[in-house]
$ cat input32.txt   # compact mmCIF, C-alpha atoms
# COMPACT_ATOMS: atom_id res chain seq x y z
CA MET A 1 -34.92 -2.93 -11.41
CA ILE A 2 -37.02 -2.29 -8.31
CA MET A 3 -35.08 -3.04 -5.14
CA ARG A 4 -37.25 -4.06 -2.20
CA LYS A 5 -35.22 -6.87 -0.57
CA ILE A 6 -31.75 -5.91 0.57
CA GLY A 7 -29.13 -8.18 2.10
CA VAL A 8 -26.63 -6.91 4.68
CA VAL A 9 -23.62 -9.11 5.43
CA GLY A 10 -22.12 -8.39 8.83
CA ALA A 11 -23.93 -7.14 11.93
CA GLY A 12 -21.23 -4.90 13.39
CA THR A 13 -21.62 -1.17 13.96
CA MET A 14 -21.94 -0.29 10.26
CA GLY A 15 -24.09 -3.31 9.44
CA GLN A 16 -26.49 -2.38 12.24
CA GLY A 17 -26.69 1.23 11.08
CA ILE A 18 -27.26 0.29 7.44
CA ALA A 19 -29.89 -2.35 8.30
CA GLU A 20 -31.77 0.08 10.56
CA MET A 21 -31.69 2.85 7.94
CA LEU A 22 -32.90 0.52 5.15
CA ALA A 23 -35.74 -0.82 7.29
CA PHE A 24 -36.78 2.73 8.22
CA HIS A 25 -37.13 3.45 4.48
CA GLY A 26 -39.58 0.56 4.08
CA LEU A 27 -37.20 -2.08 2.71
CA GLU A 28 -37.09 -5.73 3.71
CA VAL A 29 -33.64 -6.32 5.20
CA TYR A 30 -31.95 -9.70 5.52
CA LEU A 31 -29.17 -9.24 8.07
CA THR A 32 -26.64 -12.04 8.30
CA GLU A 33 -23.86 -12.82 10.76
CA HIS A 34 -21.97 -16.08 11.30
CA SER A 35 -22.48 -15.93 15.08
CA GLU A 36 -26.00 -16.21 16.50
CA GLU A 37 -24.82 -14.35 19.61
CA LYS A 38 -23.54 -11.41 17.53
CA LEU A 39 -26.78 -11.38 15.54
CA SER A 40 -28.89 -11.22 18.72
CA GLN A 41 -26.67 -8.47 20.11
CA ALA A 42 -27.01 -6.50 16.87
CA LEU A 43 -30.81 -6.65 16.99
CA LEU A 44 -30.74 -5.48 20.62
CA GLN A 45 -28.47 -2.56 19.67
CA ILE A 46 -30.78 -1.58 16.79
CA GLU A 47 -33.80 -1.65 19.11
CA GLN A 48 -31.98 0.47 21.70
CA ASN A 49 -31.02 2.99 19.03
CA LEU A 50 -34.63 3.22 17.87
CA ASP A 51 -35.68 3.77 21.49
CA ARG A 52 -33.21 6.68 21.73
CA GLN A 53 -34.82 8.21 18.65
CA ILE A 54 -38.25 7.85 20.26
CA GLU A 55 -36.94 9.72 23.32
CA LYS A 56 -35.90 12.58 21.00
CA TRP A 57 -39.36 12.62 19.35
CA ALA A 58 -37.76 11.56 16.05
CA LEU A 59 -39.72 8.30 15.86
CA THR A 60 -42.99 6.79 17.07
CA GLN A 61 -43.54 3.40 18.72
CA ALA A 62 -45.45 2.28 15.61
CA GLU A 63 -42.56 3.27 13.31
CA LYS A 64 -40.13 1.42 15.56
CA LYS A 65 -42.24 -1.74 15.41
CA LEU A 66 -42.54 -1.55 11.63
CA ALA A 67 -38.78 -1.08 11.22
CA LEU A 68 -37.93 -4.02 13.48
CA ASN A 69 -40.43 -6.24 11.65
CA ARG A 70 -38.65 -5.51 8.38
CA ILE A 71 -35.29 -6.80 9.66
CA HIS A 72 -34.92 -10.55 9.15
CA PRO A 73 -31.88 -12.03 10.96
CA THR A 74 -30.21 -15.10 9.48
CA GLY A 75 -27.02 -17.05 9.95
CA GLU A 76 -26.94 -18.29 6.34
CA LEU A 77 -25.66 -16.38 3.31
CA ALA A 78 -27.92 -18.57 1.17
CA GLU A 79 -30.93 -16.69 2.61
CA LEU A 80 -29.75 -13.61 0.70
CA ALA A 81 -30.09 -15.24 -2.72
CA GLY A 82 -33.50 -13.63 -3.30
CA CYS A 83 -32.28 -10.08 -2.65
CA GLU A 84 -31.88 -7.47 -5.42
CA LEU A 85 -28.93 -5.79 -3.68
CA ILE A 86 -26.47 -7.13 -1.11
CA ILE A 87 -24.22 -4.85 0.96
CA GLU A 88 -21.16 -6.42 2.61
CA THR A 89 -20.06 -4.69 5.84
CA ILE A 90 -17.61 -7.09 7.50
CA THR A 91 -14.23 -6.09 8.94
CA GLU A 92 -11.62 -4.55 6.60
CA ASP A 93 -9.83 -7.78 5.74
CA LEU A 94 -9.36 -8.34 2.01
CA GLU A 95 -9.25 -12.13 2.05
CA SER A 96 -12.36 -12.42 4.24
CA LYS A 97 -14.25 -10.06 1.95
CA LYS A 98 -13.14 -11.98 -1.14
CA MET A 99 -14.49 -15.18 0.38
CA ILE A 100 -17.86 -13.48 0.95
CA PHE A 101 -18.01 -12.13 -2.60
CA GLU A 102 -17.05 -15.46 -4.13
CA ARG A 103 -19.84 -17.19 -2.18
CA LEU A 104 -22.44 -14.51 -2.98
CA ASP A 105 -21.51 -14.69 -6.66
CA GLN A 106 -22.29 -18.43 -6.62
CA LEU A 107 -25.61 -17.93 -4.79
CA CYS A 108 -27.05 -14.96 -6.68
CA GLY A 109 -28.23 -14.43 -10.24
CA PRO A 110 -26.17 -12.12 -12.49
CA GLU A 111 -28.66 -9.26 -12.08
CA VAL A 112 -28.09 -8.97 -8.30
CA ILE A 113 -25.81 -6.06 -7.36
CA LEU A 114 -23.03 -6.95 -4.92
CA ALA A 115 -21.80 -3.92 -2.97
CA SER A 116 -19.11 -3.44 -0.36
CA ASN A 117 -19.05 -0.82 2.38
CA THR A 118 -15.24 -0.90 2.40
CA SER A 119 -13.57 2.45 3.01
CA THR A 120 -10.11 1.51 1.77
CA LEU A 121 -9.94 -1.74 -0.22
CA SER A 122 -9.92 -2.28 -3.98
CA LEU A 123 -13.30 -3.04 -5.55
CA THR A 124 -11.51 -4.45 -8.59
CA GLU A 125 -9.71 -6.98 -6.41
CA LEU A 126 -12.93 -7.92 -4.61
CA ALA A 127 -14.66 -8.37 -7.97
CA SER A 128 -11.82 -10.55 -9.30
CA VAL A 129 -13.15 -13.63 -7.48
CA THR A 130 -16.60 -13.32 -9.09
CA ARG A 131 -17.96 -14.46 -12.46
CA TYR A 132 -19.90 -11.22 -13.02
CA GLN A 133 -17.39 -8.52 -12.14
CA GLN A 134 -19.53 -5.83 -13.76
CA ARG A 135 -22.11 -6.04 -10.94
CA VAL A 136 -19.64 -5.37 -8.09
CA ILE A 137 -19.59 -1.82 -6.71
CA GLY A 138 -18.71 0.11 -3.57
CA MET A 139 -21.31 1.76 -1.33
CA HIS A 140 -19.34 3.51 1.39
CA PHE A 141 -21.70 4.82 4.08
CA VAL A 142 -20.39 7.32 6.60
CA TYR A 143 -20.96 6.79 10.33
CA PRO A 144 -23.50 7.45 11.82
CA VAL A 145 -25.47 6.06 8.88
CA ASN A 146 -28.91 7.40 9.84
CA ARG A 147 -27.63 10.97 10.31
CA THR A 148 -25.14 11.27 7.43
CA ASP A 149 -26.77 11.91 4.07
CA LEU A 150 -23.85 10.80 1.92
CA VAL A 151 -22.83 7.59 0.18
CA GLU A 152 -19.63 7.23 -1.82
CA ILE A 153 -20.48 5.06 -4.84
CA VAL A 154 -17.18 3.50 -5.83
CA ARG A 155 -16.52 2.11 -9.29
CA GLY A 156 -14.03 -0.70 -9.83
CA LEU A 157 -12.38 -1.19 -13.22
CA LYS A 158 -15.08 -3.65 -14.35
CA THR A 159 -18.15 -1.97 -12.76
CA SER A 160 -20.73 -1.43 -15.49
CA ASP A 161 -22.57 1.81 -16.22
CA GLU A 162 -25.84 -0.04 -15.59
CA THR A 163 -24.72 -1.16 -12.12
CA PHE A 164 -23.60 2.37 -11.27
CA THR A 165 -26.84 3.95 -12.53
CA GLN A 166 -29.02 1.48 -10.61
CA THR A 167 -26.99 2.00 -7.43
CA LYS A 168 -27.07 5.79 -7.68
CA ASP A 169 -30.82 5.71 -8.32
CA PHE A 170 -31.29 3.52 -5.23
CA VAL A 171 -29.15 5.81 -3.08
CA GLU A 172 -30.79 9.05 -4.16
CA HIS A 173 -34.42 8.05 -4.68
CA VAL A 174 -35.01 5.11 -2.33
CA ILE A 175 -32.87 5.84 0.74
CA GLN A 176 -32.71 9.56 -0.09
CA LYS A 177 -29.02 10.24 0.38
CA LYS A 178 -26.55 12.09 -1.83
CA GLY A 179 -24.51 9.69 -3.94
CA ILE A 180 -21.12 10.83 -5.22
CA MET A 181 -19.19 8.88 -7.85
CA VAL A 182 -15.68 7.89 -6.83
CA PHE A 183 -13.11 5.97 -8.85
CA GLU A 184 -11.30 3.48 -6.65
CA SER A 185 -8.33 4.87 -4.80
CA PRO A 186 -7.08 4.10 -1.27
CA GLY A 187 -9.39 5.87 1.18
CA PHE A 188 -11.64 7.16 -1.63
CA VAL A 189 -12.60 10.78 -0.73
CA THR A 190 -14.00 10.90 2.80
CA THR A 191 -11.54 8.58 4.56
CA ARG A 192 -8.56 10.01 2.69
CA LEU A 193 -9.37 13.60 3.64
CA ILE A 194 -10.54 12.94 7.21
CA CYS A 195 -7.26 11.16 8.01
CA LEU A 196 -5.32 14.30 7.06
CA PHE A 197 -7.70 16.40 9.16
CA ILE A 198 -7.31 14.17 12.24
CA ASN A 199 -3.52 13.95 11.87
CA GLU A 200 -3.15 17.73 11.59
CA ALA A 201 -5.38 18.23 14.64
CA LEU A 202 -3.04 15.94 16.59
CA HIS A 203 -0.04 17.99 15.46
CA VAL A 204 -1.76 21.20 16.60
CA LEU A 205 -2.45 19.61 20.00
CA GLU A 206 1.09 18.23 20.26
CA GLU A 207 2.58 21.67 19.54
CA GLY A 208 0.49 23.20 22.34
CA VAL A 209 -1.30 25.60 19.99
CA ALA A 210 -4.70 24.87 21.60
CA SER A 211 -6.38 22.32 23.85
CA ALA A 212 -8.25 19.33 22.40
CA GLU A 213 -11.56 20.87 23.49
CA ASP A 214 -10.78 24.19 21.80
CA ILE A 215 -9.59 22.51 18.61
CA ASP A 216 -12.90 20.65 18.45
CA SER A 217 -14.85 23.85 19.15
CA ALA A 218 -12.92 25.71 16.45
CA MET A 219 -13.95 23.21 13.78
CA ARG A 220 -17.50 22.59 15.02
CA ILE A 221 -18.40 26.26 15.45
CA GLY A 222 -16.06 27.94 12.97
CA TYR A 223 -16.54 25.51 10.08
CA ALA A 224 -19.88 23.88 10.97
CA PHE A 225 -18.39 20.40 11.42
CA GLN A 226 -20.90 18.10 13.13
CA ASN A 227 -18.07 16.65 15.21
CA GLY A 228 -14.65 17.83 16.18
CA PRO A 229 -11.58 15.93 14.99

$ encode --input "input32.txt" --output "structure tokens"
Amino acid sequence: MIMRKIGVVGAGTMGQGIAEMLAFHGLEVYLTEHSEEKLSQALLQIEQNLDRQIEKWALTQAEKKLALNRIHPTGELAELAGCELIIETITEDLESKKMIFERLDQLCGPEVILASNTSTLSLTELASVTRYQQRVIGMHFVYPVNRTDLVEIVRGLKTSDETFTQTKDFVEHVIQKKGIMVFESPGFVTTRLICLFINEALHVLEEGVASAEDIDSAMRIGYAFQNGP
């Protein structure tokens, strides 16, 4: 299945980053948010981020215009019914996410892949409110989306091989990121490991072993971390 129209539910920090990245890769993005004010703010933030990239010579004015023209804001989930893939990015609240998935399942045909950007919640539980549980999958993007070339592709108990294969193909060949397969577990891989890293850094600081600045420098320079803990 060729995926050209992608829905993004939620226009917070991750939703903005995902929408911008998808549009940059030539996809038509339908970005939805229940508040018109939040939607307008999200579009402003995306434009400002594109402007920052222009200042760094990473983008041209023409590319910025094309990307913005590919993002279609809407306040209605029903507008996403024609998408081939929908990525949910709302706050980490299980019941709210289940309501979104139940509604999307009613709106979309069985061939539409429903993905969640959750970093901690059960995909099996999210899928339980849908009729077609085999098409529910996790796509956990890492912040900042446009600079991190990794997506955790998370399989729930009912996720089909076909859904996984289509999602991995989309991640690696369309948006050109590395997709790793993860079986659902709290925190998956990235969140689970980074929490240990951050906690241990706090212990090192608390014990007076090194300053916060030097701890960050040790990991950035010594181990090539993009950011310190």

$ closest_atom_pairs --input "input32.txt" --of "region 32-74 of chain A" --to "region 140-153 of chain A" --cutoff "12 Å" --atoms "only C-alpha atoms" --output "Markdown table"
| residue | atom | partner | partner_atom | distance |
| --- | --- | --- | --- | --- |
| A:Ile46 | CA | A:Asn146 | CA | 11.5 |
| A:Asn49 | CA | A:Asn146 | CA | 10.4 |
| A:Leu50 | CA | A:Asn146 | CA | 10.7 |
| A:Gln53 | CA | A:Asn146 | CA | 10.6 |
| A:Ala58 | CA | A:Asn146 | CA | 11.6 |

$ residues_around --input "input32.txt" --residues "Gly156 (chain A)" --least-positions-apart "5" --cutoff "7 Å" --atoms "all atoms listed in the file" --output "list in words"
Leu123, Thr124, Ile137, Phe183 and Glu184 of chain A

$ residues_around --input "input32.txt" --residues "Glu63 (chain A)" --least-positions-apart "4" --cutoff "8 Å" --atoms "all atoms listed in the file" --output "ChimeraX atom specification"
/A:24,59,67

$ atom_distance --input "input32.txt" --atom1 "CA of Leu121 (chain A)" --atom2 "CA of Thr165 (chain A)"
21.7 Å

$ closest_residue --input "input32.txt" --among "A:Gln61, A:Gln226, A:Ser211, A:Thr120" --to "Glu47 (chain A)" --atoms "only C-alpha atoms"
A:Gln61

$ atom_distance --input "input32.txt" --atom1 "CA of Ser185 (chain A)" --atom2 "CA of Val154 (chain A)"
9.0 Å

$ closest_residue --input "input32.txt" --among "A:Val129, A:Ala210, A:Leu22, A:Leu80" --to "Glu95 (chain A)" --atoms "all atoms listed in the file"
A:Val129

$ atom_distance --input "input32.txt" --atom1 "CA of Cys83 (chain A)" --atom2 "CA of Thr118 (chain A)"
20.0 Å

$ closest_residue --input "input32.txt" --among "A:Phe188, A:Met99, A:Asn227, A:Glu200" --to "Glu213 (chain A)" --atoms "all atoms listed in the file"
A:Asn227

$ closest_residue --input "input32.txt" --among "A:Ile86, A:Ile6, A:Val29, A:Ile215" --to "Asn69 (chain A)" --atoms "all atoms listed in the file"
A:Val29

$ closest_residue --input "input32.txt" --among "A:Thr191, A:Thr60, A:Thr74, A:Gln48" --to "Tyr30 (chain A)" --atoms "all atoms listed in the file"
A:Thr74

$ closest_residue --input "input32.txt" --among "A:Ser35, A:Ser40, A:Gln176, A:Asn117" --to "His72 (chain A)" --atoms "only C-alpha atoms"
A:Ser40

$ residues_around --input "input32.txt" --residues "region 101-110 of chain A" --least-positions-apart "5" --cutoff "10 Å" --atoms "all atoms listed in the file" --output "VMD selection string"
chain A and resid 77 to 86 88 95 to 96 115 to 116 126 to 136

$ decode --input "input32.txt" --residues "region 24-78 of chain A" --atoms "C-alpha atoms" --output "JSON list (two decimals), in the first residue's frame"
[["chain", "number", "residue", "atom", "x", "y", "z"],
["A", 24, "PHE", "CA", 9.27, 17.73, 4.54],
["A", 25, "HIS", "CA", 9.32, 14.22, 3.02],
["A", 26, "GLY", "CA", 6.59, 15.17, 0.55],
["A", 27, "LEU", "CA", 3.57, 13.68, 2.34],
["A", 28, "GLU", "CA", 0.17, 15.29, 2.73],
["A", 29, "VAL", "CA", -0.38, 15.71, 6.47],
["A", 30, "TYR", "CA", -3.76, 16.15, 8.14],
["A", 31, "LEU", "CA", -3.04, 17.57, 11.59],
["A", 32, "THR", "CA", -5.93, 17.54, 14.03],
["A", 33, "GLU", "CA", -6.44, 19.13, 17.44],
["A", 34, "HIS", "CA", -9.67, 19.68, 19.38],
["A", 35, "SER", "CA", -8.80, 23.33, 20.10],
["A", 36, "GLU", "CA", -8.57, 25.79, 17.22],
["A", 37, "GLU", "CA", -6.26, 27.95, 19.34],
["A", 38, "LYS", "CA", -3.84, 25.04, 19.91],
["A", 39, "LEU", "CA", -3.95, 24.20, 16.22],
["A", 40, "SER", "CA", -3.06, 27.77, 15.23],
["A", 41, "GLN", "CA", -0.27, 27.84, 17.80],
["A", 42, "ALA", "CA", 1.10, 24.55, 16.47],
["A", 43, "LEU", "CA", 1.25, 25.87, 12.90],
["A", 44, "LEU", "CA", 3.05, 28.99, 14.14],
["A", 45, "GLN", "CA", 5.58, 26.84, 16.01],
["A", 46, "ILE", "CA", 6.18, 24.68, 12.92],
["A", 47, "GLU", "CA", 6.75, 27.79, 10.80],
["A", 48, "GLN", "CA", 9.17, 29.22, 13.36],
["A", 49, "ASN", "CA", 11.08, 25.94, 13.45],
["A", 50, "LEU", "CA", 11.36, 25.95, 9.66],
["A", 51, "ASP", "CA", 12.63, 29.52, 9.82],
["A", 52, "ARG", "CA", 15.36, 28.42, 12.27],
["A", 53, "GLN", "CA", 16.41, 25.75, 9.78],
["A", 54, "ILE", "CA", 16.59, 28.39, 7.03],
["A", 55, "GLU", "CA", 18.89, 30.46, 9.27],
["A", 56, "LYS", "CA", 21.20, 27.42, 9.54],
["A", 57, "TRP", "CA", 21.18, 26.95, 5.74],
["A", 58, "ALA", "CA", 19.43, 23.59, 6.19],
["A", 59, "LEU", "CA", 16.33, 24.66, 4.25],
["A", 60, "THR", "CA", 15.31, 27.10, 1.52],
["A", 61, "GLN", "CA", 12.32, 29.47, 1.49],
["A", 62, "ALA", "CA", 10.80, 27.38, -1.33],
["A", 63, "GLU", "CA", 11.14, 24.15, 0.69],
["A", 64, "LYS", "CA", 9.57, 25.86, 3.69],
["A", 65, "LYS", "CA", 6.59, 26.99, 1.61],
["A", 66, "LEU", "CA", 6.11, 23.53, 0.13],
["A", 67, "ALA", "CA", 6.23, 21.89, 3.57],
["A", 68, "LEU", "CA", 3.69, 24.31, 5.06],
["A", 69, "ASN", "CA", 1.36, 23.81, 2.08],
["A", 70, "ARG", "CA", 1.35, 20.08, 2.74],
["A", 71, "ILE", "CA", 0.07, 20.47, 6.32],
["A", 72, "HIS", "CA", -3.71, 20.62, 6.48],
["A", 73, "PRO", "CA", -5.05, 21.65, 9.91],
["A", 74, "THR", "CA", -8.45, 20.35, 11.00],
["A", 75, "GLY", "CA", -10.51, 20.18, 14.15],
["A", 76, "GLU", "CA", -12.39, 17.04, 13.07],
["A", 77, "LEU", "CA", -11.16, 13.45, 13.33],
["A", 78, "ALA", "CA", -13.53, 12.59, 10.48]]
